[in-house]
$ cat data.txt   # compact mmCIF, C-alpha atoms
# COMPACT_ATOMS: atom_id res chain seq x y z
CA MET A 10 -20.31 -1.69 -2.64
CA THR A 11 -16.96 -3.09 -3.73
CA ASN A 12 -17.00 -4.97 -7.03
CA LEU A 13 -15.91 -8.52 -6.25
CA ASN A 14 -16.17 -9.81 -9.82
CA PHE A 15 -12.41 -9.82 -10.36
CA ASN A 16 -10.99 -13.31 -10.70
CA PHE A 17 -7.58 -13.84 -9.12
CA ALA A 18 -7.85 -17.62 -8.85
CA GLY A 19 -4.40 -19.16 -9.08
CA ARG A 20 -2.72 -15.85 -8.22
CA SER A 21 -0.57 -15.23 -5.18
CA VAL A 22 -1.01 -11.78 -3.61
CA ILE A 23 0.88 -9.94 -0.87
CA VAL A 24 -0.63 -6.94 0.92
CA THR A 25 1.52 -5.07 3.43
CA GLY A 26 0.05 -3.05 6.27
CA ALA A 27 -2.84 -5.49 6.11
CA ALA A 28 -4.00 -5.48 9.73
CA ARG A 29 -6.31 -2.48 9.40
CA GLY A 30 -7.74 0.20 7.16
CA ILE A 31 -7.14 -0.02 3.42
CA GLY A 32 -4.81 -3.00 3.79
CA LEU A 33 -7.43 -4.98 5.69
CA GLU A 34 -10.05 -4.29 3.01
CA LEU A 35 -7.62 -5.22 0.24
CA GLY A 36 -6.86 -8.50 1.97
CA ARG A 37 -10.58 -9.23 2.16
CA PHE A 38 -11.06 -8.21 -1.48
CA PHE A 39 -8.29 -10.37 -2.91
CA ASN A 40 -9.25 -13.38 -0.84
CA LYS A 41 -12.89 -13.13 -1.98
CA SER A 42 -11.63 -12.75 -5.54
CA GLY A 43 -9.95 -16.15 -5.39
CA ALA A 44 -6.33 -15.23 -4.70
CA GLU A 45 -4.03 -16.95 -2.25
CA THR A 46 -3.69 -13.84 -0.12
CA PHE A 47 -0.87 -13.09 2.31
CA LEU A 48 -1.34 -10.41 4.93
CA PHE A 49 1.92 -8.76 6.02
CA ASP A 50 1.98 -6.54 9.10
CA PHE A 51 4.15 -5.72 12.10
CA ASP A 52 1.32 -5.77 14.66
CA GLU A 53 0.91 -9.48 15.29
CA GLU A 54 -2.18 -9.22 17.50
CA GLU A 55 -4.19 -7.14 15.01
CA LEU A 56 -2.81 -9.23 12.15
CA MET A 57 -4.32 -12.40 13.61
CA ILE A 58 -7.68 -10.66 13.96
CA ALA A 59 -7.45 -9.49 10.33
CA ALA A 60 -6.65 -13.02 9.17
CA LYS A 61 -9.78 -14.37 10.87
CA GLU A 62 -11.88 -11.60 9.32
CA THR A 63 -10.56 -11.94 5.78
CA GLY A 64 -9.41 -15.54 5.43
CA GLY A 65 -5.94 -14.38 4.42
CA ASN A 66 -2.64 -15.91 5.52
CA PRO A 67 -0.98 -13.82 8.25
CA ILE A 68 2.77 -13.25 8.28
CA ARG A 69 4.37 -10.89 10.78
CA VAL A 70 6.84 -8.70 8.90
CA ASP A 71 8.89 -5.61 9.63
CA VAL A 72 9.13 -3.91 6.24
CA ALA A 73 11.89 -1.70 7.62
CA ASN A 74 14.09 -4.77 8.05
CA THR A 75 15.61 -6.50 5.02
CA LYS A 76 15.99 -9.91 6.67
CA SER A 77 12.37 -9.89 7.84
CA VAL A 78 11.15 -8.96 4.35
CA ASP A 79 13.28 -11.55 2.55
CA GLN A 80 12.24 -14.34 4.90
CA ALA A 81 8.56 -13.48 4.54
CA VAL A 82 8.71 -13.36 0.74
CA ASP A 83 10.57 -16.68 0.69
CA LEU A 84 7.80 -18.16 2.85
CA VAL A 85 5.17 -17.07 0.33
CA VAL A 86 7.12 -18.58 -2.56
CA ARG A 87 7.63 -21.86 -0.68
CA SER A 88 3.89 -21.96 -0.04
CA THR A 89 2.57 -21.12 -3.51
CA GLY A 90 5.54 -21.31 -5.87
CA ARG A 91 5.00 -17.76 -7.12
CA ILE A 92 4.16 -14.12 -6.38
CA ASP A 93 1.84 -12.33 -8.80
CA VAL A 94 0.73 -9.16 -7.02
CA LEU A 95 2.41 -6.97 -4.42
CA VAL A 96 0.54 -4.11 -2.76
CA ASN A 97 2.88 -1.87 -0.76
CA ASN A 98 0.53 -0.28 1.76
CA ALA A 99 2.44 -0.38 5.07
CA GLY A 100 2.97 2.95 6.78
CA ILE A 101 3.35 4.83 10.05
CA LEU A 102 2.96 8.44 11.21
CA ARG A 103 5.33 10.49 13.35
CA ASP A 104 3.83 13.94 12.83
CA SER A 105 5.36 17.17 14.11
CA TRP A 106 6.55 20.57 12.98
CA LEU A 107 9.68 20.01 10.89
CA TRP A 108 11.92 21.75 13.44
CA LYS A 109 10.65 19.35 16.10
CA ILE A 110 11.05 16.12 14.13
CA SER A 111 13.80 13.97 15.61
CA ASP A 112 16.25 12.04 13.49
CA GLU A 113 14.61 8.86 14.74
CA ASP A 114 11.10 9.93 13.73
CA TRP A 115 12.37 11.03 10.32
CA GLU A 116 14.23 7.79 9.69
CA ASP A 117 11.39 5.58 10.97
CA VAL A 118 8.85 7.11 8.61
CA MET A 119 11.22 6.98 5.66
CA SER A 120 12.24 3.41 6.42
CA VAL A 121 8.68 2.07 6.61
CA HIS A 122 7.09 3.98 3.73
CA ALA A 123 9.79 4.48 1.09
CA GLY A 124 12.18 1.85 2.47
CA GLY A 125 9.47 -0.75 2.89
CA THR A 126 8.22 -0.19 -0.65
CA PHE A 127 11.77 -0.62 -1.93
CA ARG A 128 12.60 -3.71 0.15
CA MET A 129 9.37 -5.52 -0.65
CA THR A 130 9.62 -4.80 -4.37
CA ARG A 131 13.27 -5.79 -4.52
CA ALA A 132 12.52 -9.08 -2.75
CA CYS A 133 9.82 -9.93 -5.30
CA VAL A 134 11.64 -8.90 -8.49
CA SER A 135 13.54 -12.15 -9.07
CA HIS A 136 10.24 -14.08 -8.85
CA PHE A 137 8.49 -11.64 -11.18
CA ARG A 138 11.32 -11.95 -13.67
CA SER A 139 11.31 -15.75 -13.64
CA GLN A 140 7.55 -15.70 -14.27
CA SER A 141 7.69 -12.87 -16.83
CA TYR A 142 4.75 -11.46 -14.93
CA GLY A 143 4.06 -9.25 -11.94
CA ARG A 144 1.93 -6.44 -10.60
CA VAL A 145 3.15 -3.89 -8.07
CA ILE A 146 0.76 -1.31 -6.62
CA ASN A 147 2.28 1.26 -4.28
CA VAL A 148 0.31 3.52 -1.96
CA THR A 149 1.27 7.18 -2.01
CA SER A 150 -0.92 10.11 -0.92
CA PHE A 151 -2.22 13.61 -1.56
CA THR A 152 0.38 14.76 0.97
CA GLY A 153 3.15 13.31 -1.16
CA LEU A 154 1.95 15.41 -4.07
CA HIS A 155 1.08 18.64 -2.26
CA GLY A 156 2.65 18.54 1.21
CA ASN A 157 0.90 19.01 4.54
CA ILE A 158 1.69 20.99 7.69
CA GLY A 159 3.24 18.78 10.36
CA GLN A 160 4.12 15.96 7.97
CA ALA A 161 7.48 16.80 6.41
CA ASN A 162 8.73 13.24 6.96
CA TYR A 163 5.53 11.60 5.67
CA ALA A 164 5.29 13.92 2.66
CA THR A 165 8.91 13.25 1.71
CA ALA A 166 8.44 9.49 1.97
CA LYS A 167 5.23 9.49 -0.06
CA ALA A 168 6.76 11.75 -2.73
CA GLY A 169 9.69 9.35 -2.89
CA ILE A 170 7.31 6.47 -3.56
CA ILE A 171 6.09 8.28 -6.67
CA GLY A 172 9.63 8.56 -8.01
CA PHE A 173 10.29 4.94 -7.11
CA THR A 174 7.10 3.82 -8.88
CA LYS A 175 8.02 5.53 -12.14
CA THR A 176 11.61 4.28 -12.04
CA ALA A 177 10.64 0.70 -11.22
CA ALA A 178 8.00 0.80 -13.97
CA LYS A 179 10.68 1.67 -16.51
CA GLU A 180 13.17 -0.90 -15.23
CA LEU A 181 10.73 -3.81 -14.93
CA ALA A 182 8.63 -3.30 -18.06
CA ALA A 183 10.94 -5.55 -20.10
CA PHE A 184 10.05 -8.45 -17.78
CA GLY A 185 6.27 -8.15 -18.09
CA VAL A 186 5.95 -6.38 -14.76
CA THR A 187 3.79 -3.29 -14.26
CA VAL A 188 4.33 -0.85 -11.40
CA ASN A 189 1.68 1.71 -10.49
CA ALA A 190 0.65 3.80 -7.50
CA ILE A 191 -2.62 4.95 -5.99
CA SER A 192 -3.30 8.12 -4.04
CA PRO A 193 -6.30 7.27 -1.85
CA ASN A 194 -8.39 9.53 0.36
CA ALA A 195 -10.08 7.09 2.69
CA SER A 196 -11.42 7.17 6.22
CA THR A 197 -8.66 5.51 8.25
CA ARG A 198 -7.10 5.95 11.68
CA MET A 199 -5.16 8.89 10.26
CA VAL A 200 -8.43 10.66 9.42
CA ASP A 201 -9.90 9.73 12.81
CA SER A 202 -7.05 11.62 14.49
CA ILE A 203 -7.87 14.92 12.72
CA PRO A 204 -9.53 17.51 15.03
CA PRO A 205 -13.24 17.96 14.18
CA ASP A 206 -12.91 21.55 12.95
CA LYS A 207 -10.00 20.72 10.66
CA LEU A 208 -11.78 17.57 9.47
CA ALA A 209 -14.86 19.58 8.50
CA ALA A 210 -12.69 22.07 6.61
CA THR A 211 -10.94 19.25 4.77
CA ILE A 212 -14.22 17.64 3.73
CA GLU A 213 -15.28 20.98 2.24
CA LEU A 214 -12.29 20.72 -0.12
CA ILE A 215 -13.39 17.32 -1.43
CA PRO A 216 -15.77 17.69 -4.38
CA LEU A 217 -17.63 14.52 -3.33
CA ARG A 218 -17.81 15.94 0.22
CA ARG A 219 -16.69 12.81 2.03
CA PHE A 220 -13.82 10.45 2.60
CA ALA A 221 -14.03 7.05 0.95
CA HIS A 222 -14.65 3.94 2.98
CA PRO A 223 -11.46 1.83 2.74
CA SER A 224 -13.38 -0.81 0.79
CA GLU A 225 -13.99 1.72 -2.00
CA ILE A 226 -10.28 1.65 -2.83
CA CYS A 227 -10.36 -2.03 -3.73
CA SER A 228 -11.84 -2.01 -7.22
CA ALA A 229 -9.21 0.41 -8.55
CA VAL A 230 -6.43 -1.67 -7.01
CA GLY A 231 -8.09 -4.78 -8.40
CA PHE A 232 -7.95 -3.34 -11.90
CA LEU A 233 -4.28 -2.37 -11.62
CA ALA A 234 -3.54 -5.86 -10.27
CA SER A 235 -5.44 -7.62 -13.05
CA GLU A 236 -4.39 -8.95 -16.42
CA GLU A 237 -6.70 -6.37 -17.99
CA ALA A 238 -4.22 -3.69 -16.90
CA ASN A 239 -1.40 -5.14 -19.01
CA TYR A 240 -0.75 -1.81 -20.73
CA VAL A 241 -0.96 0.42 -17.66
CA THR A 242 2.30 1.18 -15.89
CA GLY A 243 4.00 4.10 -14.17
CA VAL A 244 0.77 5.90 -13.30
CA VAL A 245 -0.32 7.54 -10.05
CA LEU A 246 -4.07 7.04 -9.82
CA PRO A 247 -5.96 9.41 -7.50
CA ILE A 248 -8.83 7.72 -5.66
CA ASP A 249 -9.66 10.82 -3.70
CA GLY A 250 -13.12 12.15 -4.47
CA GLY A 251 -11.60 14.85 -6.67
CA ILE A 252 -9.56 16.67 -4.01
CA SER A 253 -6.42 16.58 -6.17
CA MET A 254 -8.06 18.32 -9.15
$ encode --input "data.txt" --output "structure tokens"
Amino acid sequence: MTNLNFNFAGRSVIVTGAARGIGLELGRFFNKSGAETFLFDFDEEELMIAAKETGGNPIRVDVANTKSVDQAVDLVVRSTGRIDVLVNNAGILRDSWLWKISDEDWEDVMSVHAGGTFRMTRACVSHFRSQSYGRVINVTSFTGLHGNIGQANYATAKAGIIGFTKTAAKELAAFGVTVNAISPNASTRMVDSIPPDKLAATIELIPLRRFAHPSEICSAVGFLASEEANYVTGVVLPIDGGISM
């Protein structure tokens, strides 16, 4: 059961990739915790469904497009006057052997994962600085730390997010802004696409012998997004059942 005792009343929160999976659960979590929650996603149809489920405010955004990002962030600020928490969760997959990955599939994955994290954070920085407060939580992965067959583009993008997180944490600390990352291991559409035999073998590598439900990621993100995490920045927190040990 997700701990919903966090109090984000008066806070404005953006979650990208919020139409499904971890992003959907985070949108639900922050809304129930009192935040004015904004759900960013490219898939408008699923985004509207997510908004009805969670009570969040839906905004269609292409995180790979600077104009789309800037307009969406401006809309949030016009609505609430501030941005307190940004969760960069948006992502796509274009898996293949590295010698079969097209330039387009490489660039698309990089532009959504690493590029989206950069664009969203950059768009929020001026507001964080004027408030002398901000929380950024980026989503990386086990693959970004260790690699994975068939995911050279995804692994590169997720590894890049780690470097970005640590750099942004150093640059923004002077303004009261913390920047952290999580490395989750949750049951999402990505996991659903794994062949049964490979899935069983992967579960055997997890000390807790299961994938997390997406809702189980929320409490850790809630802590990193809270005022209680004032002195935590630049970390990559595994929420992975021990697989990264």
$ closest_residue --input "data.txt" --among "A:Val188, A:Val241, A:Ile170, A:Cys227" --to "Arg144 of chain A" --atoms "all atoms listed in the file"
A:Val188
$ atom_distance --input "data.txt" --atom1 "atom CA of Phe173 of chain A" --atom2 "atom CA of Thr149 of chain A"
10.6 Å
$ atom_distance --input "data.txt" --atom1 "atom CA of Ser224 of chain A" --atom2 "atom CA of Ile31 of chain A"
6.8 Å
$ closest_residue --input "data.txt" --among "A:Thr242, A:Ser235, A:Asn147, A:Ser196" --to "Ala221 of chain A" --atoms "all atoms listed in the file"
A:Ser196
$ atom_distance --input "data.txt" --atom1 "atom CA of Ile248 of chain A" --atom2 "atom CA of Gln160 of chain A"
20.5 Å
$ residues_around --input "data.txt" --residues "Gly243 of chain A" --least-positions-apart "4" --cutoff "12 Å" --atoms "only C-alpha atoms" --output "count of residues only"
26
$ closest_residue --input "data.txt" --among "A:Ser105, A:Asn14, A:Thr89, A:Ser21" --to "Asn162 of chain A" --atoms "all atoms listed in the file"
A:Ser105
$ residues_around --input "data.txt" --residues "Val85 of chain A" --least-positions-apart "6" --cutoff "10 Å" --atoms "all atoms listed in the file" --output "PyMOL selection string"
chain A and resi 21-23+45-47+66+68+91-92
$ closest_residue --input "data.txt" --among "A:Glu55, A:Cys133, A:Val245, A:Ile158" --to "Gly30 of chain A" --atoms "all atoms listed in the file"
A:Glu55
$ axis_aligned_box --input "data.txt" --around "segment 58-66 of chain A" --padding-each-side "3 Å" --output "AutoDock Vina command-line options"
--center_x -7.3 --center_y -12.7 --center_z 9.2 --size_x 15.2 --size_y 12.4 --size_z 15.5
$ closest_residue --input "data.txt" --among "A:Arg69, A:Asp104, A:Asp112, A:Asn157" --to "Phe51 of chain A" --atoms "all atoms listed in the file"
A:Arg69
$ residues_around --input "data.txt" --residues "Ala18 of chain A" --least-positions-apart "6" --cutoff "10 Å" --atoms "only C-alpha atoms" --output "PyMOL selection string"
chain A and resi 39-45
$ residues_around --input "data.txt" --residues "segment 70-79 of chain A" --least-positions-apart "4" --cutoff "8 Å" --atoms "all atoms listed in the file" --output "ChimeraX atom specification"
/A:49-51,83,99,120-121,124-126,128-129,132
$ closest_residue --input "data.txt" --among "A:Thr165, A:Asn194, A:Gln140, A:Thr25" --to "Val96 of chain A" --atoms "only C-alpha atoms"
A:Thr25
